[in-house]
Structure formats: C-alpha cells, structure tokens
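Visitor: Can you read through this structure? Questions will come right after.
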Amino acid sequence: MKMVFRWWPNGDDTVTLSQIRQIPGVSGVATMFADIPAGEVWPKETILALRDEVHEAGLQMEVIESVNIHEDIKKGLPTRDAYIANYITTMKNLSEAGVKCICYNFMPVMDWFRSNLETPLSDGSFAMGYEHAKAAGLTLPKMIAAMMDGSHDLTLPGWEPERFPAMAKDIEFYQNVSAEEYFKNISYFLSAVMPYAEEYDLDFGVHPDDPPWPLFGLPKVIGNAESIRTFLSLHDSKRNGLTLCTGSLGANPENDVPAMAREFASMGRVPFVHLRNVKHTSERDFHESAHLSSDGDLDMYAIVAALHDSGFDGYIRPDHGRRIWDEVSRPGYGLYDRALGAAYIQGLWEAVEKSSK
Ligand code: DNO
C-alpha cells in the first residue's frame with residue numbers, strides 16, 4: 001500500500017508540497033492540471049516539469065487524478081475519436097514521466113455534487129453535505145452557485161468553470177440517454193484506450209458516481225456492486241479497474257462497502273482507494289465526517305481489513321476532510337483533517353497487518 005495525498009499544482013492549492021512531505025507515511029501526490037481543458041493533450045515538458053517539482057519536494061508523482069474525459073466521448077459523438085487520440089497521447093506522456101495510475105470518471109456533465117459545502121457539525125467543524133430534496137429541486141444556476149459558494153476561489157474538481165457555458169445544453173442532451181446506451185459509450189472508450197494502458201504500463205481506476213444515484217436526469221451508471229461488475233466486464237483486464245471511493249459508494253446505505261472492497265480488490269481490479277466516511281441523516285441525506293469509524297456510518301477497519309486480506313497493493317489517499325481549526329482551503333481538501341485521516345488509515349493498516357501474522 002502506498003499512501004498519497006491529493007494536491008493541485010501552479011498555486012491552485014492552499015496546501016504545499018513541503019507540508020505534505022511532513023505527513024507521516026505519505027509518499028506521493030495524486031495531482032492534475034486543472035487548467036488544461038478536457039480533451040487537450042497534456043504536453044510532455046509540462047508534465048516533466050511538475051514531476052521534477054514533486055520529486056524535489058521528496059515525493060512521488062505516480063498517480064494522476066484526474067485526466068478528465070471530453071464530453072463528446074461521454075456523449076458518443078463522432079468527434080470523440082480525435083479526443084480519444086489526444087487522451088492516448090496524454091497517457092504516453094504521463095507514462096514517460098513515471099506515472100503508474102490514472103483516476104478518471106465517466107460522470108456526465110459534472111463530477112461529484114453536494115448541496116452544501118459547509119454543513120456545521122456538533123463539534124464546531126464543517127463538512128460537505130447532501131440533502132436530496134434540496135439537490136433535486138435546484139435549477140442549474142443555483143446548482144452552480146451551491147458548488148461555487150464557499151469554494152474560496154479555488155477550482156473544484158469536476159467543476160472547472162470551462163464547463164459552465166455548455167452545462168445547460170449538456171444536461172438536456174442526456175435526458176434521453178439510457179444507462180444501456182451510456183455503457184456503450186464507456187465501452188467504446190475502453191476498447192480504444194485499454195491496449196495503450198497495457199503498452200504504457202498504466203492502471204486505470206474509474207471513480208464511481210458521487211452521489212451514486214441518478215440526479216438531474218443524468219445517466220449515473222457506476223454506483224453499486226452490480227454496475228461495477230458490468231463496468232469491469234466491458235474490458236476484462238487488470239488495467240481496467242475501479243477507484244474504490246468509500247464515501248461515494250457508502251452514500252448509498254444499501255452498498256456493503258467492505259464486501260465490495262473484498263470482491264474487487266481480490267480480483268486485482270482496485271489500483272486506487274479513496275478512504276473517507278459519511279454519516280447519514282436519512283436514507284438519501286448525508287454529510288461527510290471525520291475518517292474514524294466512530295464518526296460515520298462506515299466500518300473503516302472492516303474496509304481496510306478487506307483490502308489488506310485481498311492482497312491490495314495499490315495507492316490509498318485520505319479523501320475529503322472536514323474544515324477544522326479555522327483552516328481556509330478548497331472544500332474537502334484542506335491539510336489538517338486529511339492529515340489526521342492519513343495517520344488513522346495507516347494505524348488501521350498496521351494493526352491489520354501485524355494481527356494477521
Ligand atoms: C471529488 C473527487 C472527484 C474525483 C473524480 C475522479 O472530490 O473525488 O472529483 O477526483 O471523480 O475523476
């Protein structure tokens with residue numbers, strides 16, 4: 001297991017590489033160029049310069065989160081082939097810089113969604129939250145405002161402003177796209193890209209839908225064990241894997257996250273794990289919590305044990321943290337609570353490992 005920490009380059013983060021270097025056990029970053037629009041090639045020199053910056057800080061850059069997929073690929077438009085060709089060139093460039101794992105998602109139009117970026121918790125901290133009735137009733141401008149308010153002028157992943165002008169039309173486009181059709185578009189992408197994942201020694205981890213149910217009439221197709229099995233079977237190779245995001249999957253109380261960790265990790269199909277916890281206030285309403293099992297609804301010990309016992313040897317990162325100690329940062333991605341999460345996860349891992357000998 002290698003512990004990594006999400007970080008944005010080019011001054012687009014309140015957290016620094018030297019701070020990350022001081023978190024015990026963290027060996028690298030999961031990073032991306034948020035300013036290169038989806039569909040464009042990531043130039044090799046730009047990647048190498050970032051890799052050198054990360055190495056100079058004493059960290060590795062083996063995980064990229066995310067190389068976003070152009071909407072035309074998700075929509076299955078004829079123009080997709082040119083964007084797929086660019087994607088493959090980016091893969092080559094990343095591989096030549098020593099990258100081993102690419103996290104991406106196939107969520108249409110937008111990435112994750114929360115109706116509230118600052119839910120106050122009883123201990124005085126704040127966490128991101130989701131109220132289903134509120135979310136379902138939002139107009140597009142209100143939806144964007146809900147995500148932008150409190151972003152502290154930092155780019156939110158999957159909510160890069162370049163997406164906003166086309167959002168209304170894109171949402172409309174998908175209203176009649178069935179899950180079956182959408183899977184065909186995913187399959188087309190995987191068939192094109194996976195031979196190169198093999199050639200360039202890259203493991204791919206698709207991120208599940210967050211939250212894992214349909215919203216705004218958009219097809220959401222990767223959200224439970226059955227749909228993940230379908231996804232993995234579209235291209236049956238170890239390169240075609242899952243980013244096991246416990247918080248996204250755990251948002252649906254019907255998902256047995258330790259069982260999913262065990263099933264997919266023992267198939268060798270989990271190159272990357274996002275570990276975080278969620279606390280439900282109703283079946284579909286939740287807020288994020290500290291990483292500890294005692295703070296949320298997920299049994300983090302059982303998840304870590306499932307990964308460990310399945311021979312998991314990929315990357316783990318702590319996921320969204322609460323806002324604590326008055327930190328101002330990108331929502332979910334401050335230093336303090338994620339550092340606590342990283343230490344806690346490693347404590348669990350050490351305990352599981354030593355007790356299994
Ligand atoms: C949200 C993140 C997602 C994730 C992408 C992966 O905080 O978990 O933005 O990085 O879905 O492509």
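Following the order of the structure tokens, chains are lettered A, B, ..., residues in each are numbered from 1, and ligands are numbered from 1.
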If you run DSSP over the backbone, which residues in segment 77-177 of chain A end up strand (DSSP E)? Put them as a compact mmCIF listing (two decimals) with C-alpha atoms, in the first residue's frame.
Guide:
# COMPACT_ATOMS: atom_id res chain seq x y z
CA CYS A 101 -2.13 5.06 -12.18
CA ILE A 102 -4.82 7.25 -13.74
CA CYS A 103 -8.01 8.05 -11.86
CA TYR A 104 -10.84 9.34 -14.03
CA ASN A 105 -14.62 9.33 -14.12
CA ASN A 116 -23.96 22.22 0.90
CA LEU A 117 -20.20 22.76 1.12
CA GLU A 118 -20.24 23.87 4.75
CA THR A 119 -22.55 21.81 6.95
CA PRO A 120 -21.86 22.71 10.60
CA PHE A 126 -17.73 21.89 9.00
CA ALA A 127 -18.20 19.20 6.38
CA MET A 128 -19.71 18.90 2.95
CA GLY A 129 -23.26 17.64 2.92
CA TYR A 130 -26.03 16.46 0.64
Visitor: Which residues are close to Trp42 of chain A, i.e. within 10 Å by only C-alpha atoms, leaving aside same-chain residues fewer than 2 positions away? Reply as a ChimeraX atom specification.
Guide: /A:32-33,36-40,44-47,67,86-87,89-94
Visitor: Take the residues that were just selected and, keeping C-alpha atoms, output them as a PDB file, in the first residue's frame.
Guide:
ATOM      1  CA  MET A  32      -3.679  17.003 -12.185  1.00  0.00           C
ATOM      2  CA  PHE A  33      -3.561  20.044 -14.445  1.00  0.00           C
ATOM      3  CA  ILE A  36      -5.823  22.134 -19.316  1.00  0.00           C
ATOM      4  CA  PRO A  37      -9.322  21.698 -20.752  1.00  0.00           C
ATOM      5  CA  ALA A  38     -10.631  18.136 -21.070  1.00  0.00           C
ATOM      6  CA  GLY A  39      -9.793  16.728 -24.493  1.00  0.00           C
ATOM      7  CA  GLU A  40      -6.470  18.539 -24.917  1.00  0.00           C
ATOM      8  CA  LYS A  44       5.279  16.174 -22.009  1.00  0.00           C
ATOM      9  CA  GLU A  45       7.529  19.073 -20.923  1.00  0.00           C
ATOM     10  CA  THR A  46       4.772  20.423 -18.644  1.00  0.00           C
ATOM     11  CA  ILE A  47       4.341  17.006 -17.050  1.00  0.00           C
ATOM     12  CA  VAL A  67      -7.369  13.085 -16.710  1.00  0.00           C
ATOM     13  CA  ASN A  86      -5.399  13.117 -27.556  1.00  0.00           C
ATOM     14  CA  TYR A  87      -6.158  11.125 -24.424  1.00  0.00           C
ATOM     15  CA  THR A  89      -1.046  10.873 -26.269  1.00  0.00           C
ATOM     16  CA  THR A  90      -1.501  12.216 -22.727  1.00  0.00           C
ATOM     17  CA  MET A  91      -1.259   8.647 -21.417  1.00  0.00           C
ATOM     18  CA  LYS A  92       2.041   8.163 -23.253  1.00  0.00           C
ATOM     19  CA  ASN A  93       3.417  11.445 -21.903  1.00  0.00           C
ATOM     20  CA  LEU A  94       2.363  10.585 -18.353  1.00  0.00           C
TER      21      LEU A  94
END
Visitor: Dump as JSON lines the rows for residues of chain A within 10 Å of ligand 1: closest atom pair and distance in Å with one decimal, only C-alpha atoms and all ligand atoms counted, ordered by chain and rising residue number.
Guide:
{"residue": "A:Arg6", "atom": "CA", "partner": "ligand 1", "partner_atom_place_in_ligand_line": "10 (O)", "distance": 8.8}
{"residue": "A:Ala30", "atom": "CA", "partner": "ligand 1", "partner_atom_place_in_ligand_line": "10 (O)", "distance": 9.3}
{"residue": "A:Thr31", "atom": "CA", "partner": "ligand 1", "partner_atom_place_in_ligand_line": "10 (O)", "distance": 9.4}
{"residue": "A:Met32", "atom": "CA", "partner": "ligand 1", "partner_atom_place_in_ligand_line": "10 (O)", "distance": 9.5}
{"residue": "A:Ile64", "atom": "CA", "partner": "ligand 1", "partner_atom_place_in_ligand_line": "12 (O)", "distance": 9.2}
{"residue": "A:Glu65", "atom": "CA", "partner": "ligand 1", "partner_atom_place_in_ligand_line": "10 (O)", "distance": 5.6}
{"residue": "A:Ser66", "atom": "CA", "partner": "ligand 1", "partner_atom_place_in_ligand_line": "12 (O)", "distance": 4.7}
{"residue": "A:Val67", "atom": "CA", "partner": "ligand 1", "partner_atom_place_in_ligand_line": "12 (O)", "distance": 7.1}
{"residue": "A:Asn68", "atom": "CA", "partner": "ligand 1", "partner_atom_place_in_ligand_line": "12 (O)", "distance": 6.5}
{"residue": "A:Ile69", "atom": "CA", "partner": "ligand 1", "partner_atom_place_in_ligand_line": "12 (O)", "distance": 8.8}
{"residue": "A:Ile102", "atom": "CA", "partner": "ligand 1", "partner_atom_place_in_ligand_line": "12 (O)", "distance": 8.7}
{"residue": "A:Cys103", "atom": "CA", "partner": "ligand 1", "partner_atom_place_in_ligand_line": "12 (O)", "distance": 5.4}
{"residue": "A:Tyr104", "atom": "CA", "partner": "ligand 1", "partner_atom_place_in_ligand_line": "12 (O)", "distance": 3.4}
{"residue": "A:Asn105", "atom": "CA", "partner": "ligand 1", "partner_atom_place_in_ligand_line": "12 (O)", "distance": 4.1}
{"residue": "A:Phe106", "atom": "CA", "partner": "ligand 1", "partner_atom_place_in_ligand_line": "12 (O)", "distance": 7.7}
{"residue": "A:Met107", "atom": "CA", "partner": "ligand 1", "partner_atom_place_in_ligand_line": "11 (O)", "distance": 7.5}
{"residue": "A:Met110", "atom": "CA", "partner": "ligand 1", "partner_atom_place_in_ligand_line": "11 (O)", "distance": 9.0}
{"residue": "A:Asp111", "atom": "CA", "partner": "ligand 1", "partner_atom_place_in_ligand_line": "11 (O)", "distance": 5.4}
{"residue": "A:Trp112", "atom": "CA", "partner": "ligand 1", "partner_atom_place_in_ligand_line": "1 (C)", "distance": 5.8}
{"residue": "A:Phe113", "atom": "CA", "partner": "ligand 1", "partner_atom_place_in_ligand_line": "1 (C)", "distance": 8.4}
{"residue": "A:Arg114", "atom": "CA", "partner": "ligand 1", "partner_atom_place_in_ligand_line": "7 (O)", "distance": 9.9}
{"residue": "A:Leu156", "atom": "CA", "partner": "ligand 1", "partner_atom_place_in_ligand_line": "9 (O)", "distance": 7.7}
{"residue": "A:Pro157", "atom": "CA", "partner": "ligand 1", "partner_atom_place_in_ligand_line": "9 (O)", "distance": 4.6}
{"residue": "A:Gly158", "atom": "CA", "partner": "ligand 1", "partner_atom_place_in_ligand_line": "9 (O)", "distance": 5.4}
{"residue": "A:Trp159", "atom": "CA", "partner": "ligand 1", "partner_atom_place_in_ligand_line": "9 (O)", "distance": 8.4}
{"residue": "A:Gly205", "atom": "CA", "partner": "ligand 1", "partner_atom_place_in_ligand_line": "6 (C)", "distance": 8.6}
{"residue": "A:Val206", "atom": "CA", "partner": "ligand 1", "partner_atom_place_in_ligand_line": "12 (O)", "distance": 6.9}
{"residue": "A:His207", "atom": "CA", "partner": "ligand 1", "partner_atom_place_in_ligand_line": "6 (C)", "distance": 5.1}
{"residue": "A:Pro208", "atom": "CA", "partner": "ligand 1", "partner_atom_place_in_ligand_line": "11 (O)", "distance": 7.2}
{"residue": "A:Asp209", "atom": "CA", "partner": "ligand 1", "partner_atom_place_in_ligand_line": "11 (O)", "distance": 7.5}
{"residue": "A:Asp210", "atom": "CA", "partner": "ligand 1", "partner_atom_place_in_ligand_line": "11 (O)", "distance": 7.6}
{"residue": "A:Thr243", "atom": "CA", "partner": "ligand 1", "partner_atom_place_in_ligand_line": "6 (C)", "distance": 8.1}
{"residue": "A:Cys245", "atom": "CA", "partner": "ligand 1", "partner_atom_place_in_ligand_line": "8 (O)", "distance": 7.4}
{"residue": "A:Gly247", "atom": "CA", "partner": "ligand 1", "partner_atom_place_in_ligand_line": "8 (O)", "distance": 8.8}
{"residue": "A:Ser248", "atom": "CA", "partner": "ligand 1", "partner_atom_place_in_ligand_line": "8 (O)", "distance": 7.9}
{"residue": "A:His274", "atom": "CA", "partner": "ligand 1", "partner_atom_place_in_ligand_line": "8 (O)", "distance": 7.5}
{"residue": "A:Asp319", "atom": "CA", "partner": "ligand 1", "partner_atom_place_in_ligand_line": "8 (O)", "distance": 7.2}
{"residue": "A:His320", "atom": "CA", "partner": "ligand 1", "partner_atom_place_in_ligand_line": "7 (O)", "distance": 6.5}
{"residue": "A:Arg330", "atom": "CA", "partner": "ligand 1", "partner_atom_place_in_ligand_line": "7 (O)", "distance": 9.9}
{"residue": "A:Pro331", "atom": "CA", "partner": "ligand 1", "partner_atom_place_in_ligand_line": "7 (O)", "distance": 8.7}
{"residue": "A:Gly332", "atom": "CA", "partner": "ligand 1", "partner_atom_place_in_ligand_line": "7 (O)", "distance": 7.0}
{"residue": "A:Tyr333", "atom": "CA", "partner": "ligand 1", "partner_atom_place_in_ligand_line": "7 (O)", "distance": 8.0}
Visitor: I'd like to know which residues of segment 128-297 of chain A are alpha helix (DSSP H) (by DSSP, run on the backbone); could you write them as a PyMOL selection string?
Guide: chain A and resi 132-136+140-148+164-174+179-199+225-234+246-250+257-266
Visitor: Could you state the separation of atom CA of Ile144 of chain A and atom CA of Lys184 of chain A in Å, given to one decimal place?
Guide: 28.7 Å
